[in-house]
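The next block holds one structure in the form of structure tokens; read it before the comments.
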2 protein chains.
Amino acid sequence: MVQYAEPIDRLIQSFSRLPGIGEKSATRLALFILNSKSGYVEELVDSLDTLKDKVKLCGTCMAFSATDPCPTCADPKRNNAIICVVSDFKDMMALDAAGGFSGLYHILHGNLAPLKGVGPDEIRIKELTDRVESNDITEVILATGFDAEGEATALYLARILKPFGVTLTRLASGVPVGSYVEYMDGVTLGRALAGRRSV
Amino acid sequence: MVQYAEPIDRLIQSFSRLPGIGEKSATRLALFILNSKSGYVEELVDSLDTLKDKVKLCGTCMAFSATDPCPTCADPKRNNAIICVVSDFKDMMALDAAGGFSGLYHILHGNLAPLKGVGPDEIRIKELTDRVESNDITEVILATGFDAEGEATALYLARILKPFGVTLTRLASGVPVGSYVEYMDGVTLGRALAGRRSV
């Protein structure tokens, strides 16, 4: 059987490691690149090369940014007394795109996961406590996920942030907008009931 | 609203141009790369860089190959009197993976498409006629697709290859294995009837 030349196969393997890209998609991408007009590969390579060179973590909130502090932390219109703590940079982008929050963020870059060897020192918790300690912070919103690891991380953060005397809040948990009650799991419905609001 | 830093946005745009990758997937890939352990980006960049350097067209069959002639054309066990003409490198790989053919291939790198400005000089037809002219070829299998452009290309090739006195054949057209007759279009069924075989 005809085999792909080694350099093609190597690119297929590299692409296969990207999330959501299986071997079939990776092959399609590699052949697209082989067929692409000159200029595209150079542009892609340059984008990849400059990415890790130019994008660093903001020294304040740990967001990926080309500047330090990042545009969010440097924005004088944002309320710097409230910090919204998220597990991942994507969570920050999703929350900010939703609007409704004009404070600052803090990105942990992960959740506590003792079974996977991720303890408090492996994620950006020290940077958060330092921030809370040395600034006039009034509220910390714990916006980690509602999965087991996200909940455990929020619980841990609540415990270690309590001594600083800041208001600690958690995102509301309940039935997502657009969802049907009948299809919701019992735990979610229990929380939605416990957190019911007067209308 | 928080924006992605320019270098991140640039990589998202580069990824968006890949087939099957929309802006959302491209964002996911770019953030995966930002979060990736050191070594992965370097490996991906190196795979991309060496691809176009090392992979060229085989001077005989026009397949993408790291050697010239390619391993298929250089294989003494293959029947070099039969050429199977395909539109695309992917078609060659698919036919060869199916087994059942031990001759050589010729990749056109496209189909004739006058409306898109693709004439006979834009695809590898000259290389095919040269090959048929200067070698002892007994049969040319026209294995372009059964869409309008593939059919037109096969028809054109049949016309210009006729003077060389080689046997010209076309892949059989009919109901795919695993498909139901009731769901087939009339044109396919007409061809399947016309090409019926005794059992």
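Order determines the names: the first chain of the structure tokens is A, the second B, and so forth; residues in each chain are numbered 1 upward, and ligands are numbered 1 upward as they are shown.
Of the residues in region 21-194 of chain A, those that DSSP places in strand (DSSP E) on the basis of the backbone are Lys56, Leu57, Phe64, Ser65, Asn79, Asn80, Ala81, Ile82, Ile83, Cys84, Val85, Val86, Gly103, Leu104, Tyr105, His106, Ile107, Glu139, Val140, Ile141, Leu142, Thr167, Leu168, Thr169 and Arg170 of chain A.
For chain B, the residues having at least one atom no farther than 6 Å from chain A, when counting only C-alpha atoms, are Ala5, Pro7, Leu11, Ser14, Leu44, Val45, Ser47, Leu51, Ser65 and Ala66 of chain B.
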Since we have the selection now, will you write its residues out, keeping C-alpha atoms, as an mmCIF file, in the first residue's frame?
data_model
loop_
_atom_site.group_PDB
_atom_site.id
_atom_site.type_symbol
_atom_site.label_atom_id
_atom_site.label_comp_id
_atom_site.auth_asym_id
_atom_site.auth_seq_id
_atom_site.Cartn_x
_atom_site.Cartn_y
_atom_site.Cartn_z
ATOM 1 C CA ALA B 5 -4.143 40.117 22.075
ATOM 2 C CA PRO B 7 -0.769 37.801 18.108
ATOM 3 C CA LEU B 11 -3.126 32.879 14.798
ATOM 4 C CA SER B 14 -4.515 31.796 10.174
ATOM 5 C CA LEU B 44 4.525 21.861 14.784
ATOM 6 C CA VAL B 45 6.485 24.754 13.264
ATOM 7 C CA SER B 47 6.807 19.934 10.678
ATOM 8 C CA LEU B 51 6.910 19.910 4.625
ATOM 9 C CA SER B 65 6.666 12.538 -2.400
ATOM 10 C CA ALA B 66 9.925 13.010 -0.509
#
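Comparing B:Pro114, B:Gly59, B:Pro69, B:Gly100 by their smallest distance to Asp130 (chain B), the closest is B:Gly59 (using only C-alpha atoms).
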| message | Can you pull out the residues contacting Gly174 (chain B)? Cut-off 9 Å, using only C-alpha atoms, and skip same-chain residues under 5 positions away; I want them as a PyMOL selection string. | response | chain B and resi 188-193+195
| query | Mind pulling up the distance from CA of Gly117 (chain A) to CA of Thr129 (chain A)? | reply | 21.2 Å
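Here CA of Ile107 (chain B) is placed at a distance of 10.0 Å from CA of Ala143 (chain B).
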| task | May I have the residues within 12 Å of Lys162 (chain B) as a VMD selection string, using only C-alpha atoms and disregarding those fewer than 3 positions away in the same chain? | result | chain B and resid 129 132 to 133 138 to 140 154 to 159 165 to 169
Keeping C-alpha atoms, export the residues of the selection given above as a compact mmCIF listing (two decimals), in the first residue's frame.
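Printed below is part.txt as written:
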# COMPACT_ATOMS: atom_id res chain seq x y z
CA THR B 129 0.26 12.61 -22.58
CA VAL B 132 1.65 7.74 -22.50
CA GLU B 133 3.62 8.77 -25.58
CA THR B 138 -1.43 -0.54 -22.61
CA GLU B 139 -4.30 0.87 -20.53
CA VAL B 140 -5.27 4.20 -18.99
CA ALA B 154 -12.56 12.11 -18.26
CA LEU B 155 -14.28 12.91 -21.56
CA TYR B 156 -11.54 15.36 -22.54
CA LEU B 157 -8.78 12.91 -21.60
CA ALA B 158 -10.47 10.11 -23.58
CA ARG B 159 -10.49 12.34 -26.63
CA GLY B 165 -4.00 3.60 -29.29
CA VAL B 166 -4.16 2.65 -25.58
CA THR B 167 -7.16 0.94 -23.97
CA LEU B 168 -9.18 3.61 -22.17
CA THR B 169 -11.42 2.57 -19.28
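Considering the residues A:Ile83, A:Ala194, A:Ala113, A:Ala74 and counting only C-alpha atoms, Ala148 (chain A) has its shortest atom-to-atom contact with A:Ala113.
Computed from the coordinates, the CA of Leu171 (chain A) to CA of Leu142 (chain A) distance equals 6.7 Å.
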| said: When DSSP is applied to the backbone of this structure, which of region 8-159 of chain A are assigned helix (DSSP H, G or I)? Write them out as a ChimeraX atom specification. | reply: /A:8-16,23-35,40-54,71-74,89-98,114-116,125-134,148-159
Resulting file, chosen residues, C-alpha atoms, as an mmCIF file, in the first residue's frame:
data_model
loop_
_atom_site.group_PDB
_atom_site.id
_atom_site.type_symbol
_atom_site.label_atom_id
_atom_site.label_comp_id
_atom_site.auth_asym_id
_atom_site.auth_seq_id
_atom_site.Cartn_x
_atom_site.Cartn_y
_atom_site.Cartn_z
ATOM 1 C CA ILE A 8 3.604 14.512 5.476
ATOM 2 C CA ASP A 9 3.082 11.829 8.098
ATOM 3 C CA ARG A 10 4.976 13.874 10.662
ATOM 4 C CA LEU A 11 2.736 16.902 10.105
ATOM 5 C CA ILE A 12 -0.342 14.642 10.347
ATOM 6 C CA GLN A 13 0.917 13.414 13.736
ATOM 7 C CA SER A 14 1.565 17.000 14.918
ATOM 8 C CA PHE A 15 -1.929 18.107 13.879
ATOM 9 C CA SER A 16 -3.489 15.007 15.511
ATOM 10 C CA GLU A 23 -6.174 11.415 12.269
ATOM 11 C CA LYS A 24 -8.639 11.897 9.381
ATOM 12 C CA SER A 25 -9.014 15.647 9.958
ATOM 13 C CA ALA A 26 -5.260 15.939 10.486
ATOM 14 C CA THR A 27 -4.659 14.276 7.107
ATOM 15 C CA ARG A 28 -7.108 16.671 5.480
ATOM 16 C CA LEU A 29 -5.315 19.666 7.011
ATOM 17 C CA ALA A 30 -1.876 18.382 5.966
ATOM 18 C CA LEU A 31 -3.006 17.832 2.363
ATOM 19 C CA PHE A 32 -4.656 21.259 2.320
ATOM 20 C CA ILE A 33 -1.324 22.744 3.363
ATOM 21 C CA LEU A 34 0.526 20.770 0.681
ATOM 22 C CA ASN A 35 -1.886 22.161 -1.902
ATOM 23 C CA TYR A 40 -0.009 30.525 3.628
ATOM 24 C CA VAL A 41 2.434 28.148 5.327
ATOM 25 C CA GLU A 42 4.863 31.016 5.927
ATOM 26 C CA GLU A 43 2.060 33.071 7.474
ATOM 27 C CA LEU A 44 0.935 30.195 9.706
ATOM 28 C CA VAL A 45 4.499 29.456 10.815
ATOM 29 C CA ASP A 46 5.073 33.129 11.583
ATOM 30 C CA SER A 47 1.818 33.356 13.575
ATOM 31 C CA LEU A 48 2.868 30.321 15.618
ATOM 32 C CA ASP A 49 6.422 31.601 16.101
ATOM 33 C CA THR A 50 5.423 35.052 17.318
ATOM 34 C CA LEU A 51 2.644 33.726 19.559
ATOM 35 C CA LYS A 52 4.778 32.401 22.403
ATOM 36 C CA ASP A 53 7.336 35.185 21.882
ATOM 37 C CA LYS A 54 4.906 38.051 22.215
ATOM 38 C CA PRO A 71 -5.536 45.973 28.667
ATOM 39 C CA THR A 72 -8.180 44.820 31.174
ATOM 40 C CA CYS A 73 -6.041 45.456 34.266
ATOM 41 C CA ALA A 74 -4.853 48.777 32.765
ATOM 42 C CA PHE A 89 -8.501 32.146 30.133
ATOM 43 C CA LYS A 90 -11.445 30.939 27.997
ATOM 44 C CA ASP A 91 -13.753 31.387 31.002
ATOM 45 C CA MET A 92 -12.638 35.002 31.342
ATOM 46 C CA MET A 93 -13.360 35.631 27.641
ATOM 47 C CA ALA A 94 -16.782 33.956 27.896
ATOM 48 C CA LEU A 95 -17.795 35.903 31.017
ATOM 49 C CA ASP A 96 -16.593 39.172 29.586
ATOM 50 C CA ALA A 97 -18.373 38.581 26.270
ATOM 51 C CA ALA A 98 -21.578 38.037 28.275
ATOM 52 C CA PRO A 114 -5.151 16.091 43.793
ATOM 53 C CA LEU A 115 -5.630 12.817 41.905
ATOM 54 C CA LYS A 116 -3.918 14.333 38.855
ATOM 55 C CA ILE A 125 -3.421 30.778 43.856
ATOM 56 C CA LYS A 126 -0.394 32.476 45.464
ATOM 57 C CA GLU A 127 -0.713 35.345 42.927
ATOM 58 C CA LEU A 128 -4.390 35.684 43.934
ATOM 59 C CA THR A 129 -3.777 35.827 47.691
ATOM 60 C CA ASP A 130 -0.930 38.334 47.125
ATOM 61 C CA ARG A 131 -3.325 40.470 45.084
ATOM 62 C CA VAL A 132 -6.069 40.347 47.701
ATOM 63 C CA GLU A 133 -3.568 41.066 50.465
ATOM 64 C CA SER A 134 -1.902 44.096 48.904
ATOM 65 C CA ALA A 148 -16.239 18.376 41.010
ATOM 66 C CA GLU A 149 -12.829 20.004 40.513
ATOM 67 C CA GLY A 150 -14.256 23.499 40.042
ATOM 68 C CA GLU A 151 -16.352 23.163 43.195
ATOM 69 C CA ALA A 152 -13.401 21.847 45.210
ATOM 70 C CA THR A 153 -11.251 24.745 44.001
ATOM 71 C CA ALA A 154 -13.927 27.300 44.968
ATOM 72 C CA LEU A 155 -14.243 25.701 48.400
ATOM 73 C CA TYR A 156 -10.489 25.796 48.922
ATOM 74 C CA LEU A 157 -10.268 29.433 47.796
ATOM 75 C CA ALA A 158 -13.156 30.416 50.079
ATOM 76 C CA ARG A 159 -11.283 28.903 53.006
#
